[in-house]
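S.K.: Dropping in query_1.txt, with compact mmCIF, C-alpha atoms.
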# COMPACT_ATOMS: atom_id res chain seq x y z
CA MET A 75 35.76 4.62 -19.66
CA SER A 76 32.29 6.21 -19.92
CA GLU A 77 30.05 6.20 -16.89
CA PRO A 78 27.41 3.43 -16.85
CA GLU A 79 23.79 4.48 -17.28
CA VAL A 80 21.24 4.55 -14.49
CA MET A 81 19.73 1.10 -13.83
CA ARG A 82 16.62 -0.17 -15.54
CA ILE A 83 13.66 -1.32 -13.49
CA ARG A 84 14.49 -5.06 -13.31
CA SER A 85 17.98 -4.43 -11.94
CA ALA A 86 16.73 -1.69 -9.62
CA ILE A 87 14.14 -4.03 -8.07
CA GLU A 88 16.89 -6.60 -7.45
CA VAL A 89 19.08 -3.94 -5.79
CA MET A 90 16.14 -2.78 -3.64
CA LYS A 91 15.62 -6.38 -2.55
CA MET A 92 19.30 -6.61 -1.59
CA LEU A 93 19.37 -3.29 0.28
CA GLY A 94 15.85 -3.40 1.75
CA PRO A 95 16.68 -5.72 4.66
CA LEU A 96 19.73 -3.55 5.53
CA ALA A 97 17.81 -0.27 5.36
CA ASP A 98 17.57 0.13 9.13
CA ASP A 99 21.38 0.28 9.28
CA PHE A 100 21.91 3.15 6.90
CA THR A 101 18.76 5.17 6.22
CA LYS A 102 19.23 7.18 9.42
CA GLU A 103 22.88 8.03 8.77
CA SER A 104 23.59 11.52 7.52
CA SER A 105 27.20 11.24 6.38
CA THR A 106 27.63 9.80 2.89
CA LEU A 107 30.76 8.01 3.96
CA ARG A 108 29.04 6.33 6.90
CA ILE A 109 26.08 5.33 4.73
CA MET A 110 28.36 3.71 2.20
CA ARG A 111 30.40 1.99 4.90
CA ALA A 112 27.24 0.62 6.53
CA ILE A 113 26.01 -0.78 3.22
CA ILE A 114 29.31 -2.21 2.11
CA ASP A 115 30.16 -3.69 5.52
CA ARG A 116 26.79 -5.36 5.89
CA ILE A 117 26.84 -6.66 2.33
CA ASN A 118 30.31 -8.09 2.80
CA ASP A 119 29.47 -9.47 6.25
CA GLU A 120 26.38 -11.33 5.18
CA HIS A 121 27.04 -12.50 1.66
CA PRO A 122 30.59 -12.01 0.38
CA PRO A 123 29.64 -12.15 -3.33
CA ALA A 124 26.75 -9.70 -2.81
CA ALA A 125 29.01 -6.66 -3.23
CA LEU A 126 30.06 -7.95 -6.65
CA ARG A 127 26.45 -8.65 -7.60
CA LEU A 128 25.38 -5.21 -6.46
CA LEU A 129 28.10 -3.59 -8.54
CA ALA A 130 27.30 -5.78 -11.55
CA LEU A 131 23.62 -4.76 -11.42
CA MET A 132 24.50 -1.09 -11.24
CA GLU A 133 26.98 -1.34 -14.11
CA HIS A 134 24.81 -3.50 -16.41
CA LYS A 135 27.32 -6.35 -16.30
CA SER A 136 27.45 -9.92 -15.07
CA ALA A 137 29.01 -10.67 -11.68
CA GLU A 138 31.71 -12.70 -13.49
CA GLU A 139 32.65 -9.73 -15.67
CA VAL A 140 32.98 -7.48 -12.62
CA ALA A 141 35.00 -10.14 -10.76
CA GLU A 142 37.34 -10.44 -13.74
CA GLU A 143 37.80 -6.67 -14.00
CA LEU A 144 38.59 -6.39 -10.32
CA ALA A 145 40.97 -9.35 -10.42
CA VAL A 146 43.11 -7.61 -13.07
CA ASN A 147 44.04 -4.79 -10.72
CA MET A 148 42.84 -6.20 -7.44
CA ASP A 149 42.24 -3.20 -5.32
CA ALA A 150 39.59 -3.11 -2.60
CA LYS A 151 39.51 0.64 -3.00
CA GLU A 152 38.35 0.29 -6.60
CA LEU A 153 35.40 -1.90 -5.63
CA TYR A 154 34.49 0.60 -2.93
CA VAL A 155 34.74 3.62 -5.25
CA ARG A 156 32.69 1.96 -7.98
CA LEU A 157 30.00 0.93 -5.49
CA VAL A 158 29.83 4.48 -4.12
CA ASP A 159 29.56 5.86 -7.67
CA GLY A 160 26.83 3.39 -8.54
CA LEU A 161 24.77 4.17 -5.45
CA LYS A 162 25.13 7.90 -6.02
CA ARG A 163 24.30 7.65 -9.73
CA ASN A 164 21.18 5.67 -8.88
CA ASP A 165 20.01 8.08 -6.16
CA LEU A 166 20.14 5.76 -3.17
CA ALA A 167 17.84 7.99 -1.08
CA PHE A 168 15.07 7.95 -3.67
CA MET A 169 15.62 4.25 -4.28
CA MET A 170 15.09 3.45 -0.60
CA ASP A 171 12.03 5.69 -0.45
CA PHE A 172 10.54 3.92 -3.45
CA ALA A 173 11.46 0.52 -1.98
CA PHE A 174 9.58 1.57 1.15
CA VAL A 175 6.52 2.70 -0.86
CA ILE A 176 6.20 -0.63 -2.65
CA GLY A 177 7.02 -2.69 0.44
CA LEU A 178 10.57 -3.84 -0.34
CA SER A 179 12.04 -1.98 2.62
CA GLU A 180 10.79 -1.38 6.13
CA ALA A 181 12.64 1.89 6.56
CA ARG A 182 12.54 4.99 4.42
CA TRP A 183 15.17 7.67 4.01
CA ALA A 184 15.25 9.66 7.25
CA HIS A 185 17.04 12.84 6.14
CA ASP A 186 17.55 15.16 3.16
CA MET B 1 -15.32 15.34 -7.16
CA THR B 2 -12.08 17.16 -7.84
CA GLU B 3 -10.42 17.16 -11.23
CA LYS B 4 -6.66 17.09 -10.78
CA SER B 5 -3.99 16.47 -13.35
CA VAL B 6 -0.28 15.84 -13.32
CA GLN B 7 2.56 15.71 -15.83
CA ILE B 8 4.54 12.50 -16.16
CA ALA B 9 7.80 12.11 -18.06
CA LEU B 10 8.91 8.60 -18.91
CA GLY B 11 11.36 7.28 -21.48
CA GLY B 12 11.61 10.59 -23.32
CA ARG B 13 7.83 11.09 -23.58
CA GLU B 14 5.41 13.19 -21.57
CA TRP B 15 1.85 12.52 -20.51
CA THR B 16 -0.68 14.74 -18.76
CA ILE B 17 -2.96 12.49 -16.77
CA SER B 18 -6.06 13.21 -14.74
CA ARG B 19 -7.29 11.65 -11.56
CA ALA B 20 -8.83 8.24 -12.15
CA ARG B 21 -12.56 7.64 -12.10
CA LEU B 22 -13.87 4.51 -10.39
CA GLY B 23 -13.12 2.12 -13.28
CA ASP B 24 -9.46 3.11 -13.53
CA PHE B 25 -9.22 3.49 -9.77
CA LEU B 26 -10.17 -0.17 -9.40
CA ARG B 27 -7.81 -1.19 -12.20
CA LEU B 28 -5.01 0.62 -10.34
CA GLN B 29 -5.96 -1.36 -7.25
CA GLN B 30 -5.79 -4.63 -9.22
CA ALA B 31 -2.32 -3.74 -10.52
CA ARG B 32 -1.24 -2.78 -7.01
CA ASP B 33 -2.44 -6.20 -5.80
CA ILE B 34 -0.21 -7.92 -8.40
CA LEU B 35 2.71 -5.79 -7.23
CA LEU B 36 2.07 -6.55 -3.54
CA GLU B 37 1.71 -10.25 -4.29
CA GLY B 38 5.10 -10.10 -6.03
CA VAL B 39 6.66 -8.32 -3.05
CA LYS B 40 5.17 -10.91 -0.70
CA SER B 41 6.46 -13.85 -2.73
CA GLU B 42 9.74 -12.03 -3.60
CA ASP B 43 9.01 -12.60 -7.26
CA ASN B 44 10.78 -9.87 -9.29
CA ARG B 45 8.85 -10.73 -12.43
CA GLU B 46 5.51 -10.23 -10.70
CA ILE B 47 6.70 -6.99 -9.08
CA VAL B 48 7.73 -5.56 -12.45
CA THR B 49 4.54 -6.84 -14.13
CA GLY B 50 2.50 -5.13 -11.40
CA LEU B 51 4.39 -1.87 -11.89
CA TYR B 52 3.87 -1.97 -15.65
CA ALA B 53 0.16 -2.80 -15.26
CA PHE B 54 -0.17 0.06 -12.76
CA LEU B 55 1.36 2.64 -15.10
CA ARG B 56 -0.53 1.31 -18.13
CA VAL B 57 -3.89 2.07 -16.46
CA LEU B 58 -3.37 5.80 -16.98
CA LEU B 59 -0.46 5.87 -19.46
CA THR B 60 -2.51 3.76 -21.83
CA ASP B 61 -0.07 3.82 -24.77
CA LEU B 62 3.07 3.09 -22.77
CA THR B 63 4.78 0.20 -24.55
CA GLU B 64 6.68 -2.64 -22.88
CA ASP B 65 9.86 -1.51 -24.66
CA GLU B 66 9.53 2.02 -23.27
CA PHE B 67 8.86 0.67 -19.80
CA TYR B 68 11.77 -1.76 -19.68
CA SER B 69 14.27 0.67 -21.22
CA ALA B 70 13.34 3.69 -19.08
CA PRO B 71 15.61 4.65 -16.15
CA TRP B 72 14.19 3.10 -12.99
CA HIS B 73 13.75 6.47 -11.23
CA GLU B 74 11.39 7.72 -13.96
CA ILE B 75 9.20 4.67 -13.38
CA ALA B 76 9.34 5.20 -9.62
CA ALA B 77 8.48 8.89 -9.96
CA ALA B 78 5.56 8.08 -12.29
CA PHE B 79 4.29 5.47 -9.84
CA ILE B 80 4.43 7.89 -6.91
CA LEU B 81 2.76 10.71 -8.89
CA ILE B 82 -0.08 8.40 -9.95
CA GLU B 83 -0.45 7.14 -6.36
CA ASN B 84 -0.56 10.68 -4.98
CA ILE B 85 -3.02 12.09 -7.49
CA ASN B 86 -5.35 9.18 -6.76
CA LEU B 87 -5.35 9.39 -2.99
CA LEU B 88 -8.95 9.46 -1.81
CA PRO B 89 -9.90 12.93 -0.61
CA HIS B 90 -11.39 12.89 2.91
CA ALA B 91 -10.94 9.12 3.13
CA ASN B 92 -11.25 9.30 6.91
CA GLU B 93 -14.78 10.67 6.56
CA PHE B 94 -16.03 7.25 5.52
CA ALA B 95 -16.74 4.88 8.39
CA ILE B 96 -16.39 1.95 6.02
CA ILE B 97 -12.76 2.96 5.41
CA ARG B 98 -12.05 4.20 8.94
CA HIS B 99 -13.08 0.89 10.45
CA ALA B 100 -12.09 -1.32 7.54
CA VAL B 101 -11.29 -4.87 8.51
CA SER B 102 -8.97 -6.60 6.10
CA SER B 103 -9.71 -10.18 5.36
CA ASP B 104 -7.83 -12.69 3.24
CA LYS B 105 -10.83 -15.01 3.16
CA ARG B 106 -11.63 -16.12 -0.35
CA VAL B 107 -14.92 -17.44 -1.55
CA ALA B 108 -15.25 -20.47 -3.80
CA TRP B 109 -16.45 -18.34 -6.73
CA ASP B 110 -13.57 -15.86 -6.48
CA ASN B 111 -11.84 -14.70 -9.65
CA TYR B 112 -9.33 -12.00 -10.58
CA LEU B 113 -12.07 -9.54 -11.59
CA ARG B 114 -14.29 -10.06 -8.58
CA SER B 115 -12.72 -7.46 -6.30
CA SER B 116 -13.47 -4.69 -8.82
CA LEU B 117 -16.73 -6.02 -10.31
CA ILE B 118 -18.27 -6.37 -6.86
CA TRP B 119 -18.47 -2.55 -6.77
CA VAL B 120 -20.24 -2.40 -10.12
CA HIS B 121 -22.55 -5.22 -9.04
CA MET B 122 -23.55 -3.53 -5.78
CA ILE B 123 -24.21 -0.11 -7.33
CA ALA B 124 -25.95 -1.52 -10.42
CA LYS B 125 -28.22 -3.65 -8.22
CA ALA B 126 -29.21 -0.66 -6.10
CA TYR B 127 -29.59 2.04 -8.76
CA GLY B 128 -29.88 0.18 -12.07
CA TRP B 129 -27.01 2.12 -13.67
CA THR B 130 -24.86 0.69 -16.47
CA LYS B 131 -21.29 -0.51 -15.97
CA ASP B 132 -19.95 2.50 -17.90
CA GLU B 133 -21.95 4.94 -15.78
CA ILE B 134 -20.71 3.34 -12.58
CA GLU B 135 -17.10 3.25 -13.74
CA ASN B 136 -17.36 6.95 -14.49
CA LEU B 137 -18.15 7.85 -10.87
CA TRP B 138 -15.53 9.52 -8.72
CA PRO B 139 -14.15 6.87 -6.33
CA GLU B 140 -15.23 8.80 -3.22
CA ASP B 141 -18.82 9.09 -4.56
CA ALA B 142 -18.83 5.36 -5.20
CA ILE B 143 -17.59 4.67 -1.66
CA ALA B 144 -20.30 6.90 -0.19
CA LEU B 145 -22.94 5.08 -2.26
CA VAL B 146 -21.62 1.63 -1.34
CA GLN B 147 -21.62 2.66 2.32
CA GLU B 148 -25.29 3.69 2.05
CA ILE B 149 -26.19 0.50 0.17
CA LEU B 150 -24.52 -1.68 2.80
CA ALA B 151 -26.10 0.29 5.67
CA ASP B 152 -29.56 -0.01 4.05
CA GLU B 153 -29.09 -3.73 3.48
CA HIS B 154 -28.05 -4.20 7.09
CA ILE B 155 -30.98 -2.22 8.46
CA ASP B 156 -33.33 -4.36 6.31
CA ARG B 157 -31.65 -7.47 7.67
CA GLU B 158 -32.07 -6.15 11.24
CA PHE B 159 -35.81 -5.72 10.58
CA ILE B 160 -36.16 -9.26 9.21
CA HIS B 161 -34.07 -10.56 12.12
CA ALA B 162 -36.38 -8.81 14.63
CA LEU B 163 -39.37 -10.64 13.09
CA SER B 164 -37.71 -14.02 13.40
CA GLU B 165 -37.91 -16.19 16.49
CA VAL B 166 -34.13 -16.71 16.52
CA ALA B 167 -33.86 -13.06 17.65
CA TYR B 168 -35.58 -13.88 20.95
CA GLU B 169 -33.64 -15.99 23.40
CA TYR B 170 -35.60 -17.66 26.17
CA ASN B 171 -34.20 -17.08 29.62
CA LYS B 172 -35.11 -20.01 31.90
CA THR B 173 -34.44 -18.05 35.10
CA THR B 174 -36.68 -15.09 34.35
CA LYS B 175 -38.98 -17.23 32.17
CA LYS B 176 -39.01 -14.46 29.60
CA SER B 177 -37.69 -14.11 26.09
CA GLN B 178 -34.99 -11.56 25.59
CA TYR B 179 -34.40 -9.75 22.29
CA ARG B 180 -30.95 -10.22 20.82
CA PRO B 181 -30.34 -7.63 18.11
CA LEU B 182 -28.39 -8.57 14.99
CA GLN B 183 -24.77 -7.59 15.43
CA ARG B 184 -23.75 -4.61 13.32
CA PRO B 185 -20.47 -4.61 11.37
CA ALA B 186 -17.68 -2.67 13.08
CA TRP B 187 -17.92 0.31 10.71
CA MET B 188 -21.62 0.78 11.61
CA ALA B 189 -21.13 0.23 15.31
CA LEU B 190 -17.86 1.91 16.26
CA GLY B 191 -17.38 5.52 17.24
CA ASP B 192 -19.20 8.56 15.98
CA ARG B 193 -18.53 10.63 12.84
CA ASP B 194 -15.87 12.75 14.58
CA GLY B 195 -13.89 9.64 15.33
CA LYS B 196 -14.43 10.02 19.07
CA PRO B 197 -14.51 6.65 20.81
CA ARG B 198 -17.71 5.56 22.52
CA LYS B 199 -17.77 5.70 26.31
CA THR B 200 -17.48 2.22 27.71
CA LYS B 201 -18.72 1.30 31.17
CA LEU B 202 -16.38 -0.79 33.30
CA ARG B 203 -17.35 -2.90 36.26
CA LYS B 204 -16.33 -1.30 39.56
CA ASP B 205 -14.27 -4.34 40.62
CA TRP B 206 -12.18 -3.99 37.45
CA LEU B 207 -11.06 -0.49 38.40
CA PRO B 208 -7.67 0.00 40.12
CA THR B 209 -7.77 0.23 43.89
CA GLY B 210 -5.70 2.32 46.29
CA GLN B 211 -4.33 5.78 45.95
CA VAL B 212 -3.87 6.96 42.38
CA ILE B 213 -0.83 9.13 41.74
CA TYR B 214 -1.51 11.37 38.76
CA PRO B 215 1.34 12.79 36.69
CA GLU B 216 1.95 16.47 37.31
CA GLY B 217 -0.61 18.61 35.50
CA ALA B 218 -2.86 15.66 34.61
CA GLU B 219 -6.57 15.86 35.22
CA GLU B 220 -7.75 13.93 38.30
CA ILE B 221 -10.63 11.67 37.43
CA VAL B 222 -12.98 10.60 40.23
CA HIS B 223 -15.00 7.49 39.45
Represent the structure contained in this file as structure tokens.
M.R.:
Amino acid sequence: MSEPEVMRIRSAIEVMKMLGPLADDFTKESSTLRIMRAIIDRINDEHPPAALRLLALMEHKSAEEVAEELAVNMDAKELYVRLVDGLKRNDLAFMMDFAFVIGLSEARWAHD
Amino acid sequence: MTEKSVQIALGGREWTISRARLGDFLRLQQARDILLEGVKSEDNREIVTGLYAFLRVLLTDLTEDEFYSAPWHEIAAAFILIENINLLPHANEFAIIRHAVSSDKRVAWDNYLRSSLIWVHMIAKAYGWTKDEIENLWPEDAIALVQEILADEHIDREFIHALSEVAYEYNKTTKKSQYRPLQRPAWMALGDRDGKPRKTKLRKDWLPTGQVIYPEGAEEIVH
């Protein structure tokens, strides 16, 4: 399966809106693993379907499509890995910095 | 007053853009207002429209197709580059910016062009220049001119105020009239050019009483 492309602006704005309110939790972390955990935990805590929506936006799919794919070989690890890939591919640090610049996040990336 | 340029790559094309003159500077501001309004109302469509309008000011032939199909980070990078190249040099030198008071008050005759045309109106009224000439000014020159125009207007108003009887309040106790000067706007009244605050006198009974313990190394001030 080929890797999905980087998001387009409409999807990216939606993702920034989802991650913006959580920015305080993860923009100061320096370990990739802890950043991803913070995002995924908060997203699952607050809105269970948000993780699916986030993944769908980053993979140019509908939430239903992603749910179906994950249901075939239901593995929490797969959701986690695909989310991590998506956030890396879309340069999470730059995304949060841009979200901060345009006012969609109150915290900007705190480390290199 | 400084000509700067920057290279922007977006959707497989490249542009070399220069710093905006007043006209484009104000158009960038208008686009930024649409974007901020979208952020405030959480309206994705307005946010994206604002971003596109912002980029279109300087990337004049950027099509909607190119914009919507470009990777988001190219749009973000272009936005940041345009923002940075158009930062006002020495913005803190202008009292009108340093002591700017934001106001959401709208007048009855407000319209979407008013915030930018008000600049043209003010400068044209004072110097008789054409819209094109004014829009070709560097933004910092325009700010300096507007600051002078507003200061002049206020000083004229102070003179007229001093001639009017409303400027003299009658004090029944002393049986004398006392001159009440017209209040200056904050940017004309606050601080000096170096940004140092004015010394303010405090009544003695407002000062702390008793022994003052100064932190180690701090200067002891005797009132």
S.K.: Suppose you want the space between CA of Asp171 (chain A) and CA of Arg19 (chain B); what is it in Å?
M.R.: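 Value for the CA of Asp171 (chain A)-CA of Arg19 (chain B) distance: 23.1 Å.
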S.K.: How far is it from CA of Leu10 (chain B) to CA of Asp65 (chain B), in Å with one decimal?
M.R.: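 Interatomic distance here is 11.7 Å.
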S.K.: Just want the 7 Å neighbourhood of region 104-120 of chain B, counted on all atoms listed in the file, with same-chain residues fewer than 3 positions away dropped. Output as a PDB file with C-alpha atoms, keeping the file's coordinate frame.
M.R.:
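The resulting file, result.pdb, is shown below:
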ATOM      1  CA  LEU B  26     -10.170  -0.170  -9.400  1.00  0.00           C
ATOM      2  CA  ILE B 123     -24.210  -0.110  -7.330  1.00  0.00           C
ATOM      3  CA  ALA B 124     -25.950  -1.520 -10.420  1.00  0.00           C
ATOM      4  CA  LYS B 131     -21.290  -0.510 -15.970  1.00  0.00           C
ATOM      5  CA  ILE B 134     -20.710   3.340 -12.580  1.00  0.00           C
TER       6      ILE B 134
END
S.K.: Could you list, as JSON, numbers by chain, the residues of chain B having an atom within 7 Å of chain A when counting all atoms listed in the file?
M.R.: {"B": [39, 44, 48, 68, 69, 70, 71, 72, 76]}
S.K.: Quick check, in Å to one decimal: how far apart do CA of Leu166 (chain A) and CA of Glu83 (chain B) lie?
M.R.: 20.9 Å
S.K.: Which residue, A:Ala125, A:Leu107, A:Met92, A:Ala112, has the smallest gap to Lys162 (chain A) when you use all atoms listed in the file?
M.R.: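 Using all atoms listed in the file, the shortest distance to Lys162 (chain A) belongs to A:Leu107.
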S.K.: Considering only C-alpha atoms, can you say which of A:Lys151, A:Ala97, A:Val146, A:Val89 comes closest to Leu131 (chain A)?
M.R.: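 Ranked by minimum distance to Leu131 (chain A), first place goes to A:Val89.
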S.K.: Would you mind listing what lies within 12 Å of Trp187 (chain B) as an MDAnalysis selection string, with all atoms listed in the file counted and same-chain residues fewer than 2 positions away left out?
M.R.: chainID B and resid 92:101 147:148 150:151 154 183:185 189:193 195
S.K.: Could you save the residues just selected, with C-alpha atoms, as an mmCIF file, in the frame of the given file?
M.R.:
data_model
loop_
_atom_site.group_PDB
_atom_site.id
_atom_site.type_symbol
_atom_site.label_atom_id
_atom_site.label_comp_id
_atom_site.auth_asym_id
_atom_site.auth_seq_id
_atom_site.Cartn_x
_atom_site.Cartn_y
_atom_site.Cartn_z
ATOM 1 C CA ASN B 92 -11.250 9.300 6.910
ATOM 2 C CA GLU B 93 -14.780 10.670 6.560
ATOM 3 C CA PHE B 94 -16.030 7.250 5.520
ATOM 4 C CA ALA B 95 -16.740 4.880 8.390
ATOM 5 C CA ILE B 96 -16.390 1.950 6.020
ATOM 6 C CA ILE B 97 -12.760 2.960 5.410
ATOM 7 C CA ARG B 98 -12.050 4.200 8.940
ATOM 8 C CA HIS B 99 -13.080 0.890 10.450
ATOM 9 C CA ALA B 100 -12.090 -1.320 7.540
ATOM 10 C CA VAL B 101 -11.290 -4.870 8.510
ATOM 11 C CA GLN B 147 -21.620 2.660 2.320
ATOM 12 C CA GLU B 148 -25.290 3.690 2.050
ATOM 13 C CA LEU B 150 -24.520 -1.680 2.800
ATOM 14 C CA ALA B 151 -26.100 0.290 5.670
ATOM 15 C CA HIS B 154 -28.050 -4.200 7.090
ATOM 16 C CA GLN B 183 -24.770 -7.590 15.430
ATOM 17 C CA ARG B 184 -23.750 -4.610 13.320
ATOM 18 C CA PRO B 185 -20.470 -4.610 11.370
ATOM 19 C CA ALA B 189 -21.130 0.230 15.310
ATOM 20 C CA LEU B 190 -17.860 1.910 16.260
ATOM 21 C CA GLY B 191 -17.380 5.520 17.240
ATOM 22 C CA ASP B 192 -19.200 8.560 15.980
ATOM 23 C CA ARG B 193 -18.530 10.630 12.840
ATOM 24 C CA GLY B 195 -13.890 9.640 15.330
#
S.K.: Can you pull out the residues contacting Leu22 (chain B)? Cut-off 10 Å, using all atoms listed in the file, and skip same-chain residues under 5 positions away; I want them as an NGL selection string.
M.R.: :B and (27-28 or 116 or 119-120 or 132-143)
S.K.: Write out the residues from the selection above, keeping C-alpha atoms, as an mmCIF file, in the coordinates of the input.
M.R.:
data_model
loop_
_atom_site.group_PDB
_atom_site.id
_atom_site.type_symbol
_atom_site.label_atom_id
_atom_site.label_comp_id
_atom_site.auth_asym_id
_atom_site.auth_seq_id
_atom_site.Cartn_x
_atom_site.Cartn_y
_atom_site.Cartn_z
ATOM 1 C CA ARG B 27 -7.810 -1.190 -12.200
ATOM 2 C CA LEU B 28 -5.010 0.620 -10.340
ATOM 3 C CA SER B 116 -13.470 -4.690 -8.820
ATOM 4 C CA TRP B 119 -18.470 -2.550 -6.770
ATOM 5 C CA VAL B 120 -20.240 -2.400 -10.120
ATOM 6 C CA ASP B 132 -19.950 2.500 -17.900
ATOM 7 C CA GLU B 133 -21.950 4.940 -15.780
ATOM 8 C CA ILE B 134 -20.710 3.340 -12.580
ATOM 9 C CA GLU B 135 -17.100 3.250 -13.740
ATOM 10 C CA ASN B 136 -17.360 6.950 -14.490
ATOM 11 C CA LEU B 137 -18.150 7.850 -10.870
ATOM 12 C CA TRP B 138 -15.530 9.520 -8.720
ATOM 13 C CA PRO B 139 -14.150 6.870 -6.330
ATOM 14 C CA GLU B 140 -15.230 8.800 -3.220
ATOM 15 C CA ASP B 141 -18.820 9.090 -4.560
ATOM 16 C CA ALA B 142 -18.830 5.360 -5.200
ATOM 17 C CA ILE B 143 -17.590 4.670 -1.660
#
S.K.: Just want the 10 Å neighbourhood of Glu77 (chain A), counted on all atoms listed in the file, with same-chain residues fewer than 4 positions away dropped. Output as a list in words.
M.R.: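 The contact residues come out as Glu133, Asp159, Gly160 and Arg163 of chain A.
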S.K.: Quick one: 6 Å padding each side, axis-aligned, all listed atoms of region 144-147 of chain B - centre and edge lengths in Å to one decimal, as lines of an AutoDock Vina configuration file?
M.R.:
center_x = -21.6
center_y = 4.3
center_z = 0.0
size_x = 14.6
size_y = 17.3
size_z = 16.6
S.K.: Rank nothing, just name the residue among A:Ala145, A:Ala181, A:Val158, A:Ala150 nearest to Arg108 (chain A), using all atoms listed in the file.
M.R.: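 Nearest to Arg108 (chain A): A:Val158.
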S.K.: If we count only C-alpha atoms and set the cut-off at 10 Å, which residues sit around Ile17 (chain B), ignoring sequence neighbours fewer than 4 positions away in its own chain? Please answer as a PyMOL selection string.
M.R.: chain B and resi 4-8+58-59+81-82+85
